[in-house]
$ cat run_10.pdb   # PDB, C-alpha atoms
ATOM      1  CA  MET Y   1     106.951 193.478  83.771
ATOM      2  CA  ARG Y   2     103.956 193.598  81.517
ATOM      3  CA  ARG Y   3     104.167 196.311  78.925
ATOM      4  CA  HIS Y   4     101.181 197.987  77.343
ATOM      5  CA  LEU Y   5     100.351 199.600  74.056
ATOM      6  CA  ILE Y   6      99.028 203.052  74.913
ATOM      7  CA  VAL Y   7      96.663 204.817  72.538
ATOM      8  CA  LEU Y   8      96.061 208.335  73.777
ATOM      9  CA  ALA Y   9      93.062 210.440  72.866
ATOM     10  CA  LEU Y  10      94.167 213.931  73.829
ATOM     11  CA  VAL Y  11      91.416 216.369  74.580
ATOM     12  CA  ALA Y  12      92.190 219.955  73.730
ATOM     13  CA  GLY Y  13      91.847 222.395  76.580
ATOM     14  CA  SER Y  14      93.773 224.746  78.799
ATOM     15  CA  GLY Y  15      92.933 223.103  82.141
ATOM     16  CA  ALA Y  16      93.805 219.815  83.751
ATOM     17  CA  GLY Y  17      92.199 216.712  82.324
ATOM     18  CA  SER Y  18      92.453 213.029  81.581
ATOM     19  CA  ALA Y  19      92.808 210.782  78.560
ATOM     20  CA  ALA Y  20      93.380 207.070  78.038
ATOM     21  CA  TYR Y  21      92.697 203.790  76.247
ATOM     22  CA  TRP Y  22      91.550 200.798  78.326
ATOM     23  CA  LEU Y  23      93.648 197.669  77.773
ATOM     24  CA  MET Y  24      93.854 194.178  79.162
ATOM     25  CA  ALA Y  25      97.032 193.208  80.999
ATOM     26  CA  ASP Y  26      97.943 190.992  78.046
ATOM     27  CA  GLY Y  27      97.586 193.866  75.566
ATOM     28  CA  GLU Y  28      94.072 193.135  74.325
ATOM     29  CA  PRO Y  29      91.278 195.720  74.770
ATOM     30  CA  ARG Y  30      89.640 195.350  78.162
ATOM     31  CA  GLY Y  31      86.266 193.721  78.097
ATOM     32  CA  GLY Y  32      83.318 193.802  80.436
ATOM     33  CA  GLY Y  33      83.469 192.780  84.045
ATOM     34  CA  VAL Y  34      86.595 194.765  84.849
ATOM     35  CA  VAL Y  35      85.321 198.277  85.452
ATOM     36  CA  ALA Y  36      82.866 198.548  88.328
ATOM     37  CA  ARG Y  37      79.608 200.177  87.316
ATOM     38  CA  ALA Y  38      78.224 203.221  89.081
ATOM     39  CA  GLY Y  39      75.866 202.251  91.853
ATOM     40  CA  GLU Y  40      77.241 198.722  92.286
ATOM     41  CA  SER Y  41      77.965 197.909  95.895
ATOM     42  CA  ALA Y  42      80.192 194.813  95.564
ATOM     43  CA  THR Y  43      83.223 195.822  97.626
ATOM     44  CA  ALA Y  44      83.039 199.430  96.465
ATOM     45  CA  GLY Y  45      82.206 201.111  99.758
ATOM     46  CA  ARG Y  46      82.662 198.262 102.237
ATOM     47  CA  ASP Y  47      85.465 198.101 104.754
ATOM     48  CA  VAL Y  48      87.700 195.228 103.708
ATOM     49  CA  SER Y  49      89.162 193.219 106.557
ATOM     50  CA  THR Y  50      92.809 192.219 106.311
ATOM     51  CA  VAL Y  51      93.400 188.601 105.294
ATOM     52  CA  ARG Y  52      96.915 187.318 105.820
ATOM     53  CA  LEU Y  53      97.846 185.238 102.795
ATOM     54  CA  ALA Y  54     100.749 182.808 102.574
ATOM     55  CA  LEU Y  55     103.249 185.184 101.011
ATOM     56  CA  ARG Y  56     107.004 185.370 100.807
ATOM     57  CA  PRO Y  57     108.515 188.115 102.960
ATOM     58  CA  LEU Y  58     108.465 191.365 101.028
ATOM     59  CA  ASP Y  59     111.953 192.473 100.012
ATOM     60  CA  SER Y  60     111.114 196.154 100.171
ATOM     61  CA  GLY Y  61     114.753 197.112  99.734
ATOM     62  CA  ALA Y  62     115.033 195.293  96.417
ATOM     63  CA  LEU Y  63     111.716 196.709  95.239
ATOM     64  CA  ARG Y  64     112.810 200.208  96.220
ATOM     65  CA  ARG Y  65     116.070 199.832  94.316
ATOM     66  CA  SER Y  66     114.189 198.635  91.247
ATOM     67  CA  VAL Y  67     111.742 201.540  91.356
ATOM     68  CA  ARG Y  68     114.516 204.073  91.870
ATOM     69  CA  ALA Y  69     116.588 202.602  89.037
ATOM     70  CA  TYR Y  70     113.629 202.824  86.671
ATOM     71  CA  VAL Y  71     112.690 206.378  87.675
ATOM     72  CA  ARG Y  72     116.307 207.543  87.315
ATOM     73  CA  LYS Y  73     116.222 206.450  83.677
ATOM     74  CA  ARG Y  74     112.999 208.339  83.008
ATOM     75  CA  PRO Y  75     112.666 212.075  82.446
ATOM     76  CA  GLY Y  76     111.086 214.038  85.284
ATOM     77  CA  ARG Y  77     110.315 212.627  88.722
ATOM     78  CA  ALA Y  78     107.698 210.328  90.214
ATOM     79  CA  GLY Y  79     106.271 209.140  93.519
ATOM     80  CA  VAL Y  80     104.172 206.101  94.414
ATOM     81  CA  MET Y  81     102.218 204.721  97.351
ATOM     82  CA  VAL Y  82     100.398 201.377  97.330
ATOM     83  CA  THR Y  83      98.501 199.537 100.079
ATOM     84  CA  ASP Y  84      97.005 196.055  99.825
ATOM     85  CA  LEU Y  85      93.945 195.922 102.081
ATOM     86  CA  ARG Y  86      93.867 192.116 102.013
ATOM     87  CA  THR Y  87      97.464 191.415 103.074
ATOM     88  CA  GLY Y  88      98.230 194.599 104.988
ATOM     89  CA  ARG Y  89     101.330 195.226 102.884
ATOM     90  CA  SER Y  90     102.282 198.749 101.837
ATOM     91  CA  PHE Y  91     105.068 200.250  99.787
ATOM     92  CA  GLY Y  92     105.996 203.818  99.007
ATOM     93  CA  GLU Y  93     108.802 205.550  97.160
ATOM     94  CA  ASN Y  94     108.858 209.341  97.282
ATOM     95  CA  GLY Y  95     105.383 208.973  98.746
ATOM     96  CA  ASP Y  96     105.620 212.380 100.398
ATOM     97  CA  GLY Y  97     106.831 214.095  97.242
ATOM     98  CA  ARG Y  98     104.739 217.127  96.286
ATOM     99  CA  PHE Y  99     102.949 217.102  92.930
ATOM    100  CA  VAL Y 100     100.408 219.261  91.117
ATOM    101  CA  THR Y 101      97.107 217.384  91.259
ATOM    102  CA  ALA Y 102      95.573 218.102  87.842
ATOM    103  CA  SER Y 103      92.319 216.136  87.501
ATOM    104  CA  ILE Y 104      92.862 213.617  90.303
ATOM    105  CA  MET Y 105      91.690 216.544  92.469
ATOM    106  CA  LYS Y 106      88.182 215.858  91.192
ATOM    107  CA  VAL Y 107      87.859 212.873  93.544
ATOM    108  CA  ASP Y 108      88.752 215.108  96.490
ATOM    109  CA  ILE Y 109      86.237 217.724  95.317
ATOM    110  CA  LEU Y 110      83.392 215.215  95.172
ATOM    111  CA  ALA Y 111      84.271 213.552  98.485
ATOM    112  CA  SER Y 112      84.475 216.980 100.147
ATOM    113  CA  LEU Y 113      81.138 218.105  98.727
ATOM    114  CA  LEU Y 114      79.456 214.876  99.838
ATOM    115  CA  LEU Y 115      80.830 215.332 103.355
ATOM    116  CA  ARG Y 116      79.549 218.929 103.430
ATOM    117  CA  ARG Y 117      76.089 217.887 102.264
ATOM    118  CA  GLN Y 118      76.106 214.991 104.748
ATOM    119  CA  ARG Y 119      76.787 217.403 107.604
ATOM    120  CA  ASP Y 120      73.974 219.622 106.323
ATOM    121  CA  GLY Y 121      71.638 216.633 106.507
ATOM    122  CA  ARG Y 122      70.920 216.457 102.784
ATOM    123  CA  GLY Y 123      72.215 214.817  99.648
ATOM    124  CA  LEU Y 124      73.346 216.169  96.318
ATOM    125  CA  THR Y 125      70.761 217.857  94.143
ATOM    126  CA  GLY Y 126      69.923 216.402  90.758
ATOM    127  CA  ALA Y 127      72.010 219.096  89.089
ATOM    128  CA  GLU Y 128      74.974 218.346  91.353
ATOM    129  CA  ARG Y 129      74.739 214.627  90.628
ATOM    130  CA  ALA Y 130      74.735 215.354  86.899
ATOM    131  CA  LEU Y 131      77.825 217.529  87.323
ATOM    132  CA  ALA Y 132      79.519 214.868  89.462
ATOM    133  CA  GLY Y 133      78.938 212.248  86.790
ATOM    134  CA  THR Y 134      80.491 214.314  84.013
ATOM    135  CA  MET Y 135      83.318 215.457  86.310
ATOM    136  CA  ILE Y 136      84.471 211.945  87.207
ATOM    137  CA  ARG Y 137      83.424 209.865  84.204
ATOM    138  CA  GLU Y 138      84.349 212.407  81.532
ATOM    139  CA  SER Y 139      86.817 214.540  83.519
ATOM    140  CA  ASP Y 140      84.844 217.666  82.640
ATOM    141  CA  ASN Y 141      86.651 220.763  83.923
ATOM    142  CA  ALA Y 142      83.637 223.090  83.912
ATOM    143  CA  ALA Y 143      81.718 220.615  86.088
ATOM    144  CA  ALA Y 144      84.686 220.429  88.463
ATOM    145  CA  SER Y 145      84.823 224.223  88.766
ATOM    146  CA  ALA Y 146      81.102 224.373  89.563
ATOM    147  CA  LEU Y 147      81.351 221.694  92.251
ATOM    148  CA  TYR Y 148      84.545 223.213  93.665
ATOM    149  CA  ALA Y 149      82.519 226.355  94.329
ATOM    150  CA  GLU Y 150      79.742 224.298  95.971
ATOM    151  CA  ALA Y 151      82.341 222.567  98.158
ATOM    152  CA  GLY Y 152      83.614 225.946  99.396
ATOM    153  CA  TYR Y 153      86.585 226.315  97.042
ATOM    154  CA  GLY Y 154      90.019 225.687  98.577
ATOM    155  CA  PRO Y 155      89.058 226.443 102.199
ATOM    156  CA  GLY Y 156      86.037 224.148 102.065
ATOM    157  CA  VAL Y 157      88.002 221.243 100.599
ATOM    158  CA  ALA Y 158      90.825 221.840 103.074
ATOM    159  CA  GLU Y 159      88.319 221.551 105.930
ATOM    160  CA  ALA Y 160      87.062 218.222 104.578
ATOM    161  CA  ASN Y 161      90.631 217.017 104.088
ATOM    162  CA  ARG Y 162      91.344 217.565 107.752
ATOM    163  CA  ALA Y 163      88.457 215.220 108.530
ATOM    164  CA  PHE Y 164      89.831 212.725 105.998
ATOM    165  CA  GLY Y 165      93.275 212.862 107.607
ATOM    166  CA  LEU Y 166      95.084 214.299 104.598
ATOM    167  CA  LYS Y 167      98.245 215.967 105.878
ATOM    168  CA  HIS Y 168     100.025 217.444 102.866
ATOM    169  CA  THR Y 169      97.326 218.261 100.306
ATOM    170  CA  LYS Y 170      96.996 222.005  99.674
ATOM    171  CA  PRO Y 171      93.849 222.893  97.698
ATOM    172  CA  PHE Y 172      94.445 225.972  95.545
ATOM    173  CA  PRO Y 173      92.048 228.772  96.554
ATOM    174  CA  THR Y 174      90.169 228.935  93.246
ATOM    175  CA  SER Y 175      91.941 226.873  90.567
ATOM    176  CA  TRP Y 176      91.432 223.282  91.710
ATOM    177  CA  GLY Y 177      93.854 221.785  89.162
ATOM    178  CA  SER Y 178      96.748 223.779  90.639
ATOM    179  CA  SER Y 179      96.367 222.131  94.051
ATOM    180  CA  ILE Y 180      99.298 220.237  95.556
ATOM    181  CA  THR Y 181      99.212 216.697  96.938
ATOM    182  CA  THR Y 182     101.348 213.645  97.685
ATOM    183  CA  PRO Y 183     100.896 209.976  96.745
ATOM    184  CA  THR Y 184     100.592 209.108 100.439
ATOM    185  CA  ASP Y 185      97.752 211.593 100.892
ATOM    186  CA  GLN Y 186      95.986 210.232  97.837
ATOM    187  CA  VAL Y 187      96.029 206.716  99.332
ATOM    188  CA  ARG Y 188      94.639 208.234 102.542
ATOM    189  CA  LEU Y 189      91.830 209.743 100.470
ATOM    190  CA  LEU Y 190      91.165 206.388  98.786
ATOM    191  CA  THR Y 191      91.138 204.726 102.209
ATOM    192  CA  ASN Y 192      88.325 207.094 103.180
ATOM    193  CA  LEU Y 193      86.345 205.676 100.249
ATOM    194  CA  VAL Y 194      86.610 202.059 101.440
ATOM    195  CA  SER Y 195      86.701 202.185 105.234
ATOM    196  CA  ASP Y 196      83.818 202.237 107.695
ATOM    197  CA  GLU Y 197      86.017 204.487 109.835
ATOM    198  CA  SER Y 198      85.717 207.250 107.253
ATOM    199  CA  PRO Y 199      83.620 210.296 108.189
ATOM    200  CA  LEU Y 200      81.909 209.824 104.841
ATOM    201  CA  MET Y 201      78.908 207.506 105.066
ATOM    202  CA  ALA Y 202      78.802 204.244 103.114
ATOM    203  CA  ARG Y 203      76.323 205.541 100.552
ATOM    204  CA  GLY Y 204      78.631 208.414  99.638
ATOM    205  CA  ARG Y 205      81.674 206.149  99.472
ATOM    206  CA  ARG Y 206      79.913 203.746  97.121
ATOM    207  CA  TYR Y 207      78.775 206.647  94.960
ATOM    208  CA  VAL Y 208      82.293 208.011  94.417
ATOM    209  CA  LEU Y 209      83.805 204.592  93.734
ATOM    210  CA  GLY Y 210      80.942 203.750  91.406
ATOM    211  CA  LEU Y 211      81.703 206.796  89.276
ATOM    212  CA  MET Y 212      85.419 205.990  89.319
ATOM    213  CA  GLY Y 213      84.547 202.494  88.149
ATOM    214  CA  SER Y 214      82.619 203.755  85.129
ATOM    215  CA  VAL Y 215      84.968 206.272  83.520
ATOM    216  CA  LEU Y 216      85.033 206.529  79.753
ATOM    217  CA  ASP Y 217      87.129 203.885  78.013
ATOM    218  CA  GLU Y 218      89.570 206.503  76.763
ATOM    219  CA  GLN Y 219      90.215 207.624  80.341
ATOM    220  CA  ALA Y 220      91.131 204.258  81.836
ATOM    221  CA  TRP Y 221      94.915 204.277  81.594
ATOM    222  CA  GLY Y 222      97.200 204.590  84.615
ATOM    223  CA  VAL Y 223      96.864 202.338  87.661
ATOM    224  CA  SER Y 224      94.776 199.946  85.535
ATOM    225  CA  ALA Y 225      98.122 198.729  84.129
ATOM    226  CA  ALA Y 226      98.574 196.882  87.421
ATOM    227  CA  ALA Y 227      95.317 194.926  87.042
ATOM    228  CA  ARG Y 228      95.148 191.307  86.014
ATOM    229  CA  PRO Y 229      92.316 189.934  83.853
ATOM    230  CA  GLY Y 230      89.042 189.809  85.770
ATOM    231  CA  GLU Y 231      90.055 192.262  88.480
ATOM    232  CA  ARG Y 232      87.921 195.322  89.141
ATOM    233  CA  VAL Y 233      89.292 198.810  88.636
ATOM    234  CA  ALA Y 234      88.063 202.183  89.886
ATOM    235  CA  LEU Y 235      90.310 205.106  89.013
ATOM    236  CA  LYS Y 236      90.760 208.765  88.212
ATOM    237  CA  ASN Y 237      93.575 210.185  86.119
ATOM    238  CA  GLY Y 238      94.914 213.687  85.618
ATOM    239  CA  TRP Y 239      97.211 215.502  83.243
ATOM    240  CA  VAL Y 240      98.272 219.081  82.749
ATOM    241  CA  PRO Y 241     101.204 220.862  81.066
ATOM    242  CA  LEU Y 242     102.903 222.860  83.821
ATOM    243  CA  ARG Y 243     103.636 226.526  83.232
ATOM    244  CA  PHE Y 244     103.883 228.265  86.598
ATOM    245  CA  GLN Y 245     104.438 225.345  88.989
ATOM    246  CA  GLY Y 246     107.168 223.529  87.127
ATOM    247  CA  HIS Y 247     107.883 222.368  83.603
ATOM    248  CA  GLY Y 248     106.774 219.547  81.351
ATOM    249  CA  TRP Y 249     103.663 217.515  82.078
ATOM    250  CA  SER Y 250     102.151 216.507  85.400
ATOM    251  CA  ILE Y 251     100.695 213.001  84.939
ATOM    252  CA  ASN Y 252      98.903 211.293  87.833
ATOM    253  CA  SER Y 253      96.724 208.242  88.426
ATOM    254  CA  ILE Y 254      94.909 207.082  91.559
ATOM    255  CA  GLY Y 255      92.530 204.204  92.119
ATOM    256  CA  ARG Y 256      91.608 200.772  93.407
ATOM    257  CA  VAL Y 257      92.429 197.399  91.825
ATOM    258  CA  SER Y 258      90.637 194.519  93.535
ATOM    259  CA  GLY Y 259      90.386 190.803  92.936
ATOM    260  CA  HIS Y 260      90.044 187.518  94.801
ATOM    261  CA  ASP Y 261      93.297 187.700  96.776
ATOM    262  CA  HIS Y 262      94.235 191.375  96.697
ATOM    263  CA  ASP Y 263      92.661 194.798  97.107
ATOM    264  CA  PHE Y 264      95.108 197.529  96.161
ATOM    265  CA  LEU Y 265      94.818 201.264  96.752
ATOM    266  CA  ILE Y 266      97.280 202.907  94.378
ATOM    267  CA  ALA Y 267      98.536 206.433  93.783
ATOM    268  CA  VAL Y 268     101.263 207.336  91.299
ATOM    269  CA  CYS Y 269     102.163 210.967  90.612
ATOM    270  CA  SER Y 270     104.750 212.428  88.266
ATOM    271  CA  SER Y 271     105.985 215.745  86.924
ATOM    272  CA  GLY Y 272     108.556 217.097  84.489
ATOM    273  CA  ASN Y 273     107.507 214.661  81.768
ATOM    274  CA  PRO Y 274     108.442 215.994  78.298
ATOM    275  CA  THR Y 275     105.204 214.655  76.792
ATOM    276  CA  MET Y 276     101.946 213.216  78.056
ATOM    277  CA  GLU Y 277     102.779 209.854  76.501
ATOM    278  CA  SER Y 278     106.089 209.724  78.376
ATOM    279  CA  GLY Y 279     104.362 210.484  81.670
ATOM    280  CA  VAL Y 280     101.693 207.848  81.128
ATOM    281  CA  SER Y 281     104.388 205.243  80.412
ATOM    282  CA  THR Y 282     106.187 206.156  83.645
ATOM    283  CA  VAL Y 283     103.041 206.073  85.763
ATOM    284  CA  GLU Y 284     101.836 202.771  84.341
ATOM    285  CA  HIS Y 285     105.216 201.055  84.665
ATOM    286  CA  VAL Y 286     105.695 202.197  88.266
ATOM    287  CA  ALA Y 287     102.175 201.076  89.230
ATOM    288  CA  ASP Y 288     102.701 197.688  87.573
ATOM    289  CA  MET Y 289     106.149 197.221  89.103
ATOM    290  CA  VAL Y 290     105.072 197.981  92.677
ATOM    291  CA  VAL Y 291     101.826 195.995  92.568
ATOM    292  CA  ASP Y 292     103.642 192.990  91.081
ATOM    293  CA  GLY Y 293     106.129 193.207  93.947
ATOM    294  CA  LEU Y 294     103.336 193.269  96.536
ATOM    295  CA  ARG Y 295     101.550 190.329  94.902
ATOM    296  CA  ALA Y 296     104.580 188.026  95.265
TER     297      ALA Y 296
END

$ encode --input "run_10.pdb" --output "structure tokens"
Amino acid sequence: MRRHLIVLALVAGSGAGSAAYWLMADGEPRGGGVVARAGESATAGRDVSTVRLALRPLDSGALRRSVRAYVRKRPGRAGVMVTDLRTGRSFGENGDGRFVTASIMKVDILASLLLRRQRDGRGLTGAERALAGTMIRESDNAAASALYAEAGYGPGVAEANRAFGLKHTKPFPTSWGSSITTPTDQVRLLTNLVSDESPLMARGRRYVLGLMGSVLDEQAWGVSAAARPGERVALKNGWVPLRFQGHGWSINSIGRVSGHDHDFLIAVCSSGNPTMESGVSTVEHVADMVVDGLRA
């Protein structure tokens, strides 16, 4: 498996957040052409039809054993769900495990607010768009709290999640970062950002993915570890030290890695990590391991 040098830029704060350093799969800093820019259509909001490639049969049992063996050696626990839109292959391990969301909840907040505004027959205001940009690109917690209120707090997001088909995500009434989710639900949410069957219109889907494709360089760790040079990445990461809902760090990463032959929707969640660095290493290795297995 490819290993990565991780340089973390921790941002002080009491709430959930994100931090990262963007690297190429071969260990060199990632250059241009990998992160999708906000507003680009490309494949950002378009439903991707399944293309059956000439692949070896997936040995899901062997992949599962490998993932479990790795996670057993790591502190804490982890769960993963990955779907390849091009081949139709999927793999999950502890995909229905429950994890504290931290800042990956910000994608759900924005998607829920866009759906609410869509049903009201209007778009985001200029102020809301400014908040959305800082919330996703910079993982700003104050912006997330403001938009969580606009989305109707926990009940409003829960209503949107029912439309999105999320089955196990429990938005916290007021503190968005304390919400609970599963890797499987996070892939369902990502699917709503790429599919024409989503209740969210194409313009809104492209908008969310565009922001996820233009996060700050220091926030681009996580599922990006599964990308190969030249592939496009749109992601959102989250971290928080747990105090009342567990112990250690909750470290999560969700996103899309797309290239010529593959289009992966990836969610990796973890908790009980003794440090942020340890959690990032676990999340990146699991994402890389599973995506490599699905590429075979």

$ closest_residue --input "run_10.pdb" --among "Y:Phe172, Y:Gly133, Y:Arg72, Y:Ala226" --to "Y:Arg256" --atoms "all atoms listed in the file"
Y:Ala226

$ resolve_selection --input "run_10.pdb" --expression "the PyMOL selection byres ((chain Y and resi 170) around 10)" --output "list in words"
Arg98, Val100, Thr101, Gly154, Pro155, Val157, Ala158, Asn161, Leu166, Lys167, His168, Thr169, Pro171, Phe172, Pro173, Trp176, Ser178, Ser179, Ile180, Thr181 and Thr182 of chain Y

$ resolve_selection --input "run_10.pdb" --expression "the PyMOL selection byres ((chain Y and resi 81) around 10)" --output "ChimeraX atom specification"
/Y:79-80,82-83,90-96,182-188,254,265-269,287,290-291

$ atom_distance --input "run_10.pdb" --atom1 "atom CA of Y:Lys73" --atom2 "atom CA of Y:Val257"
26.7 Å

$ closest_residue --input "run_10.pdb" --among "Y:Gly204, Y:Gly230, Y:Gly272, Y:Gly123" --to "Y:Ser250" --atoms "only C-alpha atoms"
Y:Gly272

$ residues_around --input "run_10.pdb" --residues "Y:Asn237" --least-positions-apart "3" --cutoff "7 Å" --atoms "all atoms listed in the file" --output "number ranges by chain"
Y: 18, 103-104, 222, 252-254
